[in-house]
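**Student:** You'll find coords-v2.cif just under this line, and it carries mmCIF, C-alpha atoms; chains and numbers go by the auth columns.
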data_data
loop_
_atom_site.group_PDB
_atom_site.id
_atom_site.type_symbol
_atom_site.label_atom_id
_atom_site.label_comp_id
_atom_site.label_asym_id
_atom_site.label_seq_id
_atom_site.Cartn_x
_atom_site.Cartn_y
_atom_site.Cartn_z
_atom_site.B_iso_or_equiv
_atom_site.auth_seq_id
_atom_site.auth_asym_id
ATOM 1 C CA MET A 1 47.723 198.976 5.670 0.00 1 A
ATOM 2 C CA SER A 2 44.190 199.049 4.331 0.00 2 A
ATOM 3 C CA ILE A 3 42.448 202.305 3.482 0.00 3 A
ATOM 4 C CA ILE A 4 39.062 200.683 4.085 0.00 4 A
ATOM 5 C CA LYS A 5 39.596 200.141 7.821 0.00 5 A
ATOM 6 C CA GLN A 6 40.817 203.690 8.476 0.00 6 A
ATOM 7 C CA ASP A 7 38.850 206.888 8.837 0.00 7 A
ATOM 8 C CA ILE A 8 39.175 208.661 5.502 0.00 8 A
ATOM 9 C CA VAL A 9 40.725 212.114 5.925 0.00 9 A
ATOM 10 C CA LEU A 10 40.421 215.018 3.475 0.00 10 A
ATOM 11 C CA ARG A 11 43.144 213.634 1.185 0.00 11 A
ATOM 12 C CA PRO A 12 43.846 210.112 2.461 0.00 12 A
ATOM 13 C CA ARG A 13 47.274 208.653 1.823 0.00 13 A
ATOM 14 C CA PHE A 14 48.610 205.142 2.055 0.00 14 A
ATOM 15 C CA LYS A 15 51.840 203.269 1.466 0.00 15 A
ATOM 16 C CA LYS A 16 52.297 199.653 0.454 0.00 16 A
ATOM 17 C CA LEU A 17 55.414 197.514 0.053 0.00 17 A
ATOM 18 C CA LEU A 18 55.364 195.478 -3.165 0.00 18 A
ATOM 19 C CA PRO A 19 57.366 192.287 -3.803 0.00 19 A
ATOM 20 C CA ARG A 20 58.321 193.090 -7.427 0.00 20 A
ATOM 21 C CA THR A 21 59.988 195.929 -9.316 0.00 21 A
ATOM 22 C CA ASN A 22 58.092 199.050 -10.243 0.00 22 A
ATOM 23 C CA THR A 23 58.402 198.278 -13.970 0.00 23 A
ATOM 24 C CA TYR A 24 56.362 195.101 -13.454 0.00 24 A
ATOM 25 C CA TYR A 25 53.519 197.021 -11.799 0.00 25 A
ATOM 26 C CA LEU A 26 53.639 199.854 -14.319 0.00 26 A
ATOM 27 C CA GLU A 27 53.338 197.240 -17.064 0.00 27 A
ATOM 28 C CA GLN A 28 50.328 195.708 -15.279 0.00 28 A
ATOM 29 C CA PHE A 29 48.637 199.121 -15.248 0.00 29 A
ATOM 30 C CA LYS A 30 49.422 199.571 -18.973 0.00 30 A
ATOM 31 C CA ILE A 31 47.762 196.218 -19.665 0.00 31 A
ATOM 32 C CA ALA A 32 44.758 197.184 -17.539 0.00 32 A
ATOM 33 C CA LYS A 33 44.484 200.483 -19.407 0.00 33 A
ATOM 34 C CA LYS A 34 43.939 198.599 -22.673 0.00 34 A
ATOM 35 C CA SER A 35 41.894 195.677 -21.376 0.00 35 A
ATOM 36 C CA GLN A 36 39.117 197.407 -19.392 0.00 36 A
ATOM 37 C CA LYS A 37 36.781 200.386 -19.730 0.00 37 A
ATOM 38 C CA ASP A 38 35.562 200.805 -16.113 0.00 38 A
ATOM 39 C CA PHE A 39 38.346 203.218 -15.112 0.00 39 A
ATOM 40 C CA ILE A 40 40.599 205.727 -16.823 0.00 40 A
ATOM 41 C CA VAL A 41 44.255 204.811 -16.304 0.00 41 A
ATOM 42 C CA SER A 42 46.928 207.426 -17.065 0.00 42 A
ATOM 43 C CA ILE A 43 50.618 206.672 -16.678 0.00 43 A
ATOM 44 C CA VAL A 44 53.415 209.264 -16.558 0.00 44 A
ATOM 45 C CA ASP A 45 56.861 207.979 -15.604 0.00 45 A
ATOM 46 C CA ASP A 46 56.427 206.247 -12.207 0.00 46 A
ATOM 47 C CA HIS A 47 53.028 207.858 -11.597 0.00 47 A
ATOM 48 C CA VAL A 48 49.654 206.235 -12.242 0.00 48 A
ATOM 49 C CA PHE A 49 46.367 208.142 -12.116 0.00 49 A
ATOM 50 C CA LEU A 50 43.122 206.210 -11.753 0.00 50 A
ATOM 51 C CA LYS A 51 39.764 207.911 -12.239 0.00 51 A
ATOM 52 C CA LEU A 52 36.231 207.173 -13.261 0.00 52 A
ATOM 53 C CA PRO A 53 35.110 207.669 -16.870 0.00 53 A
ATOM 54 C CA LYS A 54 33.786 211.164 -17.640 0.00 54 A
ATOM 55 C CA ASP A 55 30.157 210.016 -17.903 0.00 55 A
ATOM 56 C CA GLN A 56 30.299 208.619 -14.329 0.00 56 A
ATOM 57 C CA GLN A 57 32.158 211.541 -12.746 0.00 57 A
ATOM 58 C CA GLN A 58 30.450 214.019 -10.460 0.00 58 A
ATOM 59 C CA PHE A 59 31.755 217.251 -8.962 0.00 59 A
ATOM 60 C CA TRP A 60 33.296 215.451 -5.957 0.00 60 A
ATOM 61 C CA SER A 61 34.446 212.307 -7.788 0.00 61 A
ATOM 62 C CA PRO A 62 37.850 211.231 -6.498 0.00 62 A
ATOM 63 C CA GLN A 63 40.914 210.147 -8.347 0.00 63 A
ATOM 64 C CA LEU A 64 43.706 207.944 -7.075 0.00 64 A
ATOM 65 C CA HIS A 65 47.280 209.070 -7.658 0.00 65 A
ATOM 66 C CA LEU A 66 49.839 206.290 -7.287 0.00 66 A
ATOM 67 C CA GLU A 67 53.602 206.570 -7.342 0.00 67 A
ATOM 68 C CA ILE A 68 55.500 203.302 -7.634 0.00 68 A
ATOM 69 C CA VAL A 69 59.138 203.720 -6.613 0.00 69 A
ATOM 70 C CA GLU A 70 61.867 201.078 -6.664 0.00 70 A
ATOM 71 C CA ASP A 71 63.011 200.044 -3.197 0.00 71 A
ATOM 72 C CA GLY A 72 65.906 197.745 -3.931 0.00 72 A
ATOM 73 C CA GLU A 73 66.629 195.315 -6.755 0.00 73 A
ATOM 74 C CA LYS A 74 63.426 193.287 -6.587 0.00 74 A
ATOM 75 C CA THR A 75 60.994 195.332 -4.502 0.00 75 A
ATOM 76 C CA SER A 76 59.136 198.607 -4.765 0.00 76 A
ATOM 77 C CA VAL A 77 56.973 200.927 -2.685 0.00 77 A
ATOM 78 C CA LEU A 78 53.579 202.184 -3.737 0.00 78 A
ATOM 79 C CA HIS A 79 52.515 205.608 -2.440 0.00 79 A
ATOM 80 C CA GLY A 80 48.838 206.432 -2.969 0.00 80 A
ATOM 81 C CA VAL A 81 46.822 209.622 -2.493 0.00 81 A
ATOM 82 C CA PHE A 82 43.077 209.980 -2.939 0.00 82 A
ATOM 83 C CA GLY A 83 41.835 213.392 -3.885 0.00 83 A
ATOM 84 C CA PRO A 84 39.310 215.246 -5.956 0.00 84 A
ATOM 85 C CA ASN A 85 39.974 216.421 -9.469 0.00 85 A
ATOM 86 C CA PRO A 86 42.971 218.819 -9.243 0.00 86 A
ATOM 87 C CA THR A 87 40.839 221.676 -10.600 0.00 87 A
ATOM 88 C CA VAL A 88 38.226 221.145 -7.881 0.00 88 A
ATOM 89 C CA TRP A 89 40.939 220.860 -5.208 0.00 89 A
ATOM 90 C CA THR A 90 42.617 224.081 -6.385 0.00 90 A
ATOM 91 C CA MET A 91 39.300 225.952 -6.425 0.00 91 A
ATOM 92 C CA PHE A 92 38.402 224.639 -2.984 0.00 92 A
ATOM 93 C CA MET A 93 41.766 225.685 -1.497 0.00 93 A
ATOM 94 C CA PHE A 94 41.512 229.071 -3.245 0.00 94 A
ATOM 95 C CA PHE A 95 38.178 229.704 -1.487 0.00 95 A
ATOM 96 C CA HIS A 96 39.764 228.804 1.869 0.00 96 A
ATOM 97 C CA PHE A 97 42.641 231.245 1.280 0.00 97 A
ATOM 98 C CA VAL A 98 40.269 234.018 0.165 0.00 98 A
ATOM 99 C CA VAL A 99 38.175 233.573 3.319 0.00 99 A
ATOM 100 C CA ALA A 100 41.326 233.600 5.475 0.00 100 A
ATOM 101 C CA GLY A 101 42.663 236.709 3.716 0.00 101 A
ATOM 102 C CA LEU A 102 39.365 238.540 4.102 0.00 102 A
ATOM 103 C CA PHE A 103 39.246 237.557 7.777 0.00 103 A
ATOM 104 C CA ILE A 104 42.717 239.007 8.336 0.00 104 A
ATOM 105 C CA ALA A 105 41.778 242.196 6.452 0.00 105 A
ATOM 106 C CA ALA A 106 38.563 242.568 8.494 0.00 106 A
ATOM 107 C CA SER A 107 40.570 241.987 11.691 0.00 107 A
ATOM 108 C CA ILE A 108 43.010 244.758 10.786 0.00 108 A
ATOM 109 C CA TRP A 109 40.133 247.050 9.865 0.00 109 A
ATOM 110 C CA ALA A 110 38.357 246.305 13.162 0.00 110 A
ATOM 111 C CA TYR A 111 41.566 246.883 15.163 0.00 111 A
ATOM 112 C CA SER A 112 42.180 250.196 13.392 0.00 112 A
ATOM 113 C CA ASN A 113 38.658 251.393 14.141 0.00 113 A
ATOM 114 C CA TRP A 114 38.939 250.234 17.756 0.00 114 A
ATOM 115 C CA LYS A 115 42.204 252.170 18.191 0.00 115 A
ATOM 116 C CA LEU A 116 40.639 255.268 16.592 0.00 116 A
ATOM 117 C CA ASP A 117 37.620 254.963 18.917 0.00 117 A
ATOM 118 C CA ASN A 118 35.299 254.426 15.934 0.00 118 A
ATOM 119 C CA SER A 119 32.541 251.860 15.715 0.00 119 A
ATOM 120 C CA TYR A 120 33.832 248.442 14.664 0.00 120 A
ATOM 121 C CA SER A 121 30.629 246.402 14.860 0.00 121 A
ATOM 122 C CA ILE A 122 30.409 246.075 11.052 0.00 122 A
ATOM 123 C CA GLN A 123 33.910 244.593 10.965 0.00 123 A
ATOM 124 C CA LEU A 124 33.066 242.144 13.756 0.00 124 A
ATOM 125 C CA GLY A 125 29.939 241.135 11.831 0.00 125 A
ATOM 126 C CA ILE A 126 32.016 240.552 8.699 0.00 126 A
ATOM 127 C CA MET A 127 34.495 238.470 10.703 0.00 127 A
ATOM 128 C CA PHE A 128 31.649 236.394 12.150 0.00 128 A
ATOM 129 C CA LEU A 129 30.199 235.814 8.660 0.00 129 A
ATOM 130 C CA LEU A 130 33.629 234.759 7.376 0.00 130 A
ATOM 131 C CA VAL A 131 33.954 232.212 10.201 0.00 131 A
ATOM 132 C CA VAL A 132 30.494 230.875 9.282 0.00 132 A
ATOM 133 C CA LEU A 133 31.549 230.740 5.610 0.00 133 A
ATOM 134 C CA TRP A 134 34.693 228.820 6.563 0.00 134 A
ATOM 135 C CA PHE A 135 32.555 226.252 8.432 0.00 135 A
ATOM 136 C CA VAL A 136 30.278 225.982 5.382 0.00 136 A
ATOM 137 C CA LEU A 137 33.322 225.313 3.183 0.00 137 A
ATOM 138 C CA TYR A 138 34.679 222.764 5.641 0.00 138 A
ATOM 139 C CA PHE A 139 31.416 220.854 5.990 0.00 139 A
ATOM 140 C CA SER A 140 30.717 220.964 2.251 0.00 140 A
ATOM 141 C CA GLY A 141 34.129 219.353 1.757 0.00 141 A
ATOM 142 C CA ARG A 142 33.283 216.681 4.330 0.00 142 A
ATOM 143 C CA ILE A 143 29.910 216.032 2.692 0.00 143 A
ATOM 144 C CA GLY A 144 31.558 215.789 -0.727 0.00 144 A
ATOM 145 C CA LYS A 145 34.142 213.381 0.622 0.00 145 A
ATOM 146 C CA ASP A 146 31.511 211.250 2.329 0.00 146 A
ATOM 147 C CA SER A 147 29.441 211.121 -0.852 0.00 147 A
ATOM 148 C CA SER A 148 32.423 209.762 -2.799 0.00 148 A
ATOM 149 C CA LYS A 149 33.541 207.012 -0.381 0.00 149 A
ATOM 150 C CA GLU A 150 32.000 204.312 -2.545 0.00 150 A
ATOM 151 C CA GLU A 151 33.944 205.562 -5.569 0.00 151 A
ATOM 152 C CA MET A 152 37.142 205.668 -3.476 0.00 152 A
ATOM 153 C CA HIS A 153 36.637 202.036 -2.496 0.00 153 A
ATOM 154 C CA ALA A 154 36.037 201.099 -6.149 0.00 154 A
ATOM 155 C CA LEU A 155 39.312 202.790 -7.175 0.00 155 A
ATOM 156 C CA HIS A 156 41.162 201.140 -4.283 0.00 156 A
ATOM 157 C CA ASN A 157 39.777 197.691 -5.143 0.00 157 A
ATOM 158 C CA PHE A 158 40.688 198.172 -8.824 0.00 158 A
ATOM 159 C CA MET A 159 44.246 199.097 -7.814 0.00 159 A
ATOM 160 C CA ASN A 160 44.475 196.033 -5.549 0.00 160 A
ATOM 161 C CA ASP A 161 43.203 193.756 -8.324 0.00 161 A
ATOM 162 C CA ILE A 162 45.969 194.973 -10.626 0.00 162 A
ATOM 163 C CA ILE A 163 48.861 194.819 -8.163 0.00 163 A
ATOM 164 C CA ASN A 164 47.810 191.413 -6.796 0.00 164 A
ATOM 165 C CA LYS A 165 47.850 189.704 -10.219 0.00 165 A
#
Could the structure of this file be written out as structure tokens, please?
**Tutor:**
Amino acid sequence: MSIIKQDIVLRPRFKKLLPRTNTYYLEQFKIAKKSQKDFIVSIVDDHVFLKLPKDQQQFWSPQLHLEIVEDGEKTSVLHGVFGPNPTVWTMFMFFHFVVAGLFIAASIWAYSNWKLDNSYSIQLGIMFLLVVLWFVLYFSGRIGKDSSKEEMHALHNFMNDIINK
């Protein structure tokens, strides 16, 4: 399955069957970590993190998280997830939850005022603005993802170069 031929979702995932053990591939990534300077390679247990060097990173720069798990005596499975820096992802999700929480609070406030026969137009206005804000968050995420597709392909190609050695 190739990530390049698919539509890239918010946090695209892929899975690949590998013909050798996971220790072989982890060793290949350790060698690549020492022999090149184009990407930052971090290895923790069966997990490999690939990212761009700090001087090339932007706010939306992706990283590739790989998990290489043994799948028998001589084979393994590679699970990959593209995503932004974990700090950026956490902040982005936090904003989504805050908007959702405020929308629920404004809904309750509007319902209470409606039941008490008070004006609830301010609450409806707040709810409308929160929906607009949610769309702004969604489309800013899409724009950020689209702006980093080239970097995602570079990370994916680097990973393929290492595992196909």
**Student:** Quick one: apply the PyMOL selection byres ((chain A and resi 107) around 12) to the file and drop the selected residues here as a VMD selection string.
**Tutor:** chain A and resid 100 to 106 108 to 114 120 to 128 130 to 131
**Student:** Within 6 Å of stretch 28-41 of chain A, counting only C-alpha atoms, which residues show up once you throw out same-chain ones fewer than 4 positions away? Write them as a ChimeraX atom specification, please.
**Tutor:** /A:49-53
**Student:** Can you list, as a PyMOL selection string, the residues that the PyMOL selection byres ((chain A and resi 67) around 8) selects here?
**Tutor:** chain A and resi 46-48+65-66+68-69+78-80
**Student:** Between A:Lys16, A:Ser61, A:Val44, A:Thr21, which residue has the minimum interatomic distance to A:Asp146, considering all atoms listed in the file?
**Tutor:**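 Nearest candidate to A:Asp146 out of A:Lys16, A:Ser61, A:Val44, A:Thr21: A:Ser61.
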**Student:** Hey, can you check how far atom CA of A:Val99 sits from atom CA of A:Ser140?
**Tutor:**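 Result for atom CA of A:Val99 versus atom CA of A:Ser140: 14.7 Å, one decimal.
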**Student:** Please compute the atom CA of A:Gly144-atom CA of A:Pro84 distance, one decimal, in Å.
**Tutor:**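 Atom CA of A:Pro84 lies 9.4 Å from atom CA of A:Gly144.
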**Student:** Could you pull out every residue with an atom within 10 Å of (35.4, 213.6, -7.7), file coordinates, counting all atoms listed in the file, and send them as a PDB file with C-alpha atoms, in the coordinates of the input?
**Tutor:**
ATOM      1  CA  LYS A  51      39.764 207.911 -12.239  1.00  0.00           C
ATOM      2  CA  LEU A  52      36.231 207.173 -13.261  1.00  0.00           C
ATOM      3  CA  GLN A  56      30.299 208.619 -14.329  1.00  0.00           C
ATOM      4  CA  GLN A  57      32.158 211.541 -12.746  1.00  0.00           C
ATOM      5  CA  GLN A  58      30.450 214.019 -10.460  1.00  0.00           C
ATOM      6  CA  PHE A  59      31.755 217.251  -8.962  1.00  0.00           C
ATOM      7  CA  TRP A  60      33.296 215.451  -5.957  1.00  0.00           C
ATOM      8  CA  SER A  61      34.446 212.307  -7.788  1.00  0.00           C
ATOM      9  CA  PRO A  62      37.850 211.231  -6.498  1.00  0.00           C
ATOM     10  CA  GLN A  63      40.914 210.147  -8.347  1.00  0.00           C
ATOM     11  CA  PHE A  82      43.077 209.980  -2.939  1.00  0.00           C
ATOM     12  CA  GLY A  83      41.835 213.392  -3.885  1.00  0.00           C
ATOM     13  CA  PRO A  84      39.310 215.246  -5.956  1.00  0.00           C
ATOM     14  CA  ASN A  85      39.974 216.421  -9.469  1.00  0.00           C
ATOM     15  CA  PRO A  86      42.971 218.819  -9.243  1.00  0.00           C
ATOM     16  CA  VAL A  88      38.226 221.145  -7.881  1.00  0.00           C
ATOM     17  CA  TRP A  89      40.939 220.860  -5.208  1.00  0.00           C
ATOM     18  CA  GLY A 144      31.558 215.789  -0.727  1.00  0.00           C
ATOM     19  CA  LYS A 145      34.142 213.381   0.622  1.00  0.00           C
ATOM     20  CA  SER A 147      29.441 211.121  -0.852  1.00  0.00           C
ATOM     21  CA  SER A 148      32.423 209.762  -2.799  1.00  0.00           C
ATOM     22  CA  GLU A 151      33.944 205.562  -5.569  1.00  0.00           C
ATOM     23  CA  MET A 152      37.142 205.668  -3.476  1.00  0.00           C
TER      24      MET A 152
END
**Student:** How far is it from atom CA of A:Lys165 to atom CA of A:Tyr24, in Å with one decimal?
**Tutor:** 10.6 Å
**Student:** Which residue, A:Asn22, A:Leu17, A:Asp161, A:Gly141, has the smallest gap to A:Met91 when you use all atoms listed in the file?
**Tutor:** A:Gly141
**Student:** How would stretch 128-157 of chain A look with N, CA and C atoms restored, written as an mmCIF file, in the frame of the given file?
**Tutor:**
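rebuild04.cif was written with the following content:
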data_model
loop_
_atom_site.group_PDB
_atom_site.id
_atom_site.type_symbol
_atom_site.label_atom_id
_atom_site.label_comp_id
_atom_site.auth_asym_id
_atom_site.auth_seq_id
_atom_site.Cartn_x
_atom_site.Cartn_y
_atom_site.Cartn_z
ATOM 1 N N PHE A 128 32.532 237.491 11.763
ATOM 2 C CA PHE A 128 31.649 236.394 12.150
ATOM 3 C C PHE A 128 31.120 235.669 10.912
ATOM 4 N N LEU A 129 30.693 236.430 9.893
ATOM 5 C CA LEU A 129 30.199 235.814 8.660
ATOM 6 C C LEU A 129 31.290 235.011 7.952
ATOM 7 N N LEU A 130 32.521 235.491 7.999
ATOM 8 C CA LEU A 130 33.629 234.759 7.376
ATOM 9 C C LEU A 130 33.908 233.449 8.113
ATOM 10 N N VAL A 131 33.787 233.458 9.440
ATOM 11 C CA VAL A 131 33.954 232.212 10.201
ATOM 12 C C VAL A 131 32.842 231.231 9.822
ATOM 13 N N VAL A 132 31.613 231.730 9.699
ATOM 14 C CA VAL A 132 30.494 230.875 9.282
ATOM 15 C C VAL A 132 30.757 230.327 7.882
ATOM 16 N N LEU A 133 31.239 231.181 6.978
ATOM 17 C CA LEU A 133 31.549 230.740 5.610
ATOM 18 C C LEU A 133 32.637 229.673 5.618
ATOM 19 N N TRP A 134 33.645 229.831 6.494
ATOM 20 C CA TRP A 134 34.693 228.820 6.563
ATOM 21 C C TRP A 134 34.107 227.474 7.007
ATOM 22 N N PHE A 135 33.202 227.495 8.003
ATOM 23 C CA PHE A 135 32.555 226.252 8.432
ATOM 24 C C PHE A 135 31.733 225.648 7.304
ATOM 25 N N VAL A 136 31.054 226.484 6.527
ATOM 26 C CA VAL A 136 30.278 225.982 5.382
ATOM 27 C C VAL A 136 31.211 225.306 4.379
ATOM 28 N N LEU A 137 32.346 225.926 4.092
ATOM 29 C CA LEU A 137 33.322 225.313 3.183
ATOM 30 C C LEU A 137 33.830 223.988 3.738
ATOM 31 N N TYR A 138 34.152 223.980 5.021
ATOM 32 C CA TYR A 138 34.679 222.764 5.641
ATOM 33 C C TYR A 138 33.649 221.635 5.568
ATOM 34 N N PHE A 139 32.425 221.908 5.970
ATOM 35 C CA PHE A 139 31.416 220.854 5.990
ATOM 36 C C PHE A 139 30.977 220.453 4.589
ATOM 37 N N SER A 140 31.023 221.375 3.625
ATOM 38 C CA SER A 140 30.717 220.964 2.251
ATOM 39 C C SER A 140 31.804 220.028 1.728
ATOM 40 N N GLY A 141 33.050 220.277 2.119
ATOM 41 C CA GLY A 141 34.129 219.353 1.757
ATOM 42 C C GLY A 141 33.944 217.984 2.391
ATOM 43 N N ARG A 142 33.539 217.961 3.648
ATOM 44 C CA ARG A 142 33.283 216.681 4.330
ATOM 45 C C ARG A 142 32.122 215.936 3.683
ATOM 46 N N ILE A 143 31.062 216.666 3.336
ATOM 47 C CA ILE A 143 29.910 216.032 2.692
ATOM 48 C C ILE A 143 30.305 215.482 1.334
ATOM 49 N N GLY A 144 31.085 216.257 0.574
ATOM 50 C CA GLY A 144 31.558 215.789 -0.727
ATOM 51 C C GLY A 144 32.424 214.554 -0.608
ATOM 52 N N LYS A 145 33.283 214.544 0.404
ATOM 53 C CA LYS A 145 34.142 213.381 0.622
ATOM 54 C C LYS A 145 33.319 212.167 1.012
ATOM 55 N N ASP A 146 32.359 212.366 1.903
ATOM 56 C CA ASP A 146 31.511 211.250 2.329
ATOM 57 C C ASP A 146 30.677 210.705 1.175
ATOM 58 N N SER A 147 30.253 211.581 0.269
ATOM 59 C CA SER A 147 29.441 211.121 -0.852
ATOM 60 C C SER A 147 30.265 210.338 -1.878
ATOM 61 N N SER A 148 31.581 210.456 -1.817
ATOM 62 C CA SER A 148 32.423 209.762 -2.799
ATOM 63 C C SER A 148 33.177 208.569 -2.215
ATOM 64 N N LYS A 149 32.833 208.141 -0.996
ATOM 65 C CA LYS A 149 33.541 207.012 -0.381
ATOM 66 C C LYS A 149 33.400 205.733 -1.207
ATOM 67 N N GLU A 150 32.223 205.517 -1.745
ATOM 68 C CA GLU A 150 32.000 204.312 -2.545
ATOM 69 C C GLU A 150 32.907 204.304 -3.779
ATOM 70 N N GLU A 151 33.060 205.462 -4.411
ATOM 71 C CA GLU A 151 33.944 205.562 -5.569
ATOM 72 C C GLU A 151 35.403 205.360 -5.158
ATOM 73 N N MET A 152 35.775 205.862 -3.973
ATOM 74 C CA MET A 152 37.142 205.668 -3.476
ATOM 75 C C MET A 152 37.428 204.185 -3.268
ATOM 76 N N HIS A 153 36.454 203.472 -2.707
ATOM 77 C CA HIS A 153 36.637 202.036 -2.496
ATOM 78 C C HIS A 153 36.736 201.295 -3.831
ATOM 79 N N ALA A 154 35.965 201.729 -4.833
ATOM 80 C CA ALA A 154 36.037 201.099 -6.149
ATOM 81 C C ALA A 154 37.425 201.306 -6.764
ATOM 82 N N LEU A 155 37.968 202.522 -6.662
ATOM 83 C CA LEU A 155 39.312 202.790 -7.175
ATOM 84 C C LEU A 155 40.364 201.972 -6.423
ATOM 85 N N HIS A 156 40.207 201.894 -5.107
ATOM 86 C CA HIS A 156 41.162 201.140 -4.283
ATOM 87 C C HIS A 156 41.111 199.651 -4.619
ATOM 88 N N ASN A 157 39.917 199.112 -4.788
ATOM 89 C CA ASN A 157 39.777 197.691 -5.143
ATOM 90 C C ASN A 157 40.345 197.410 -6.527
#
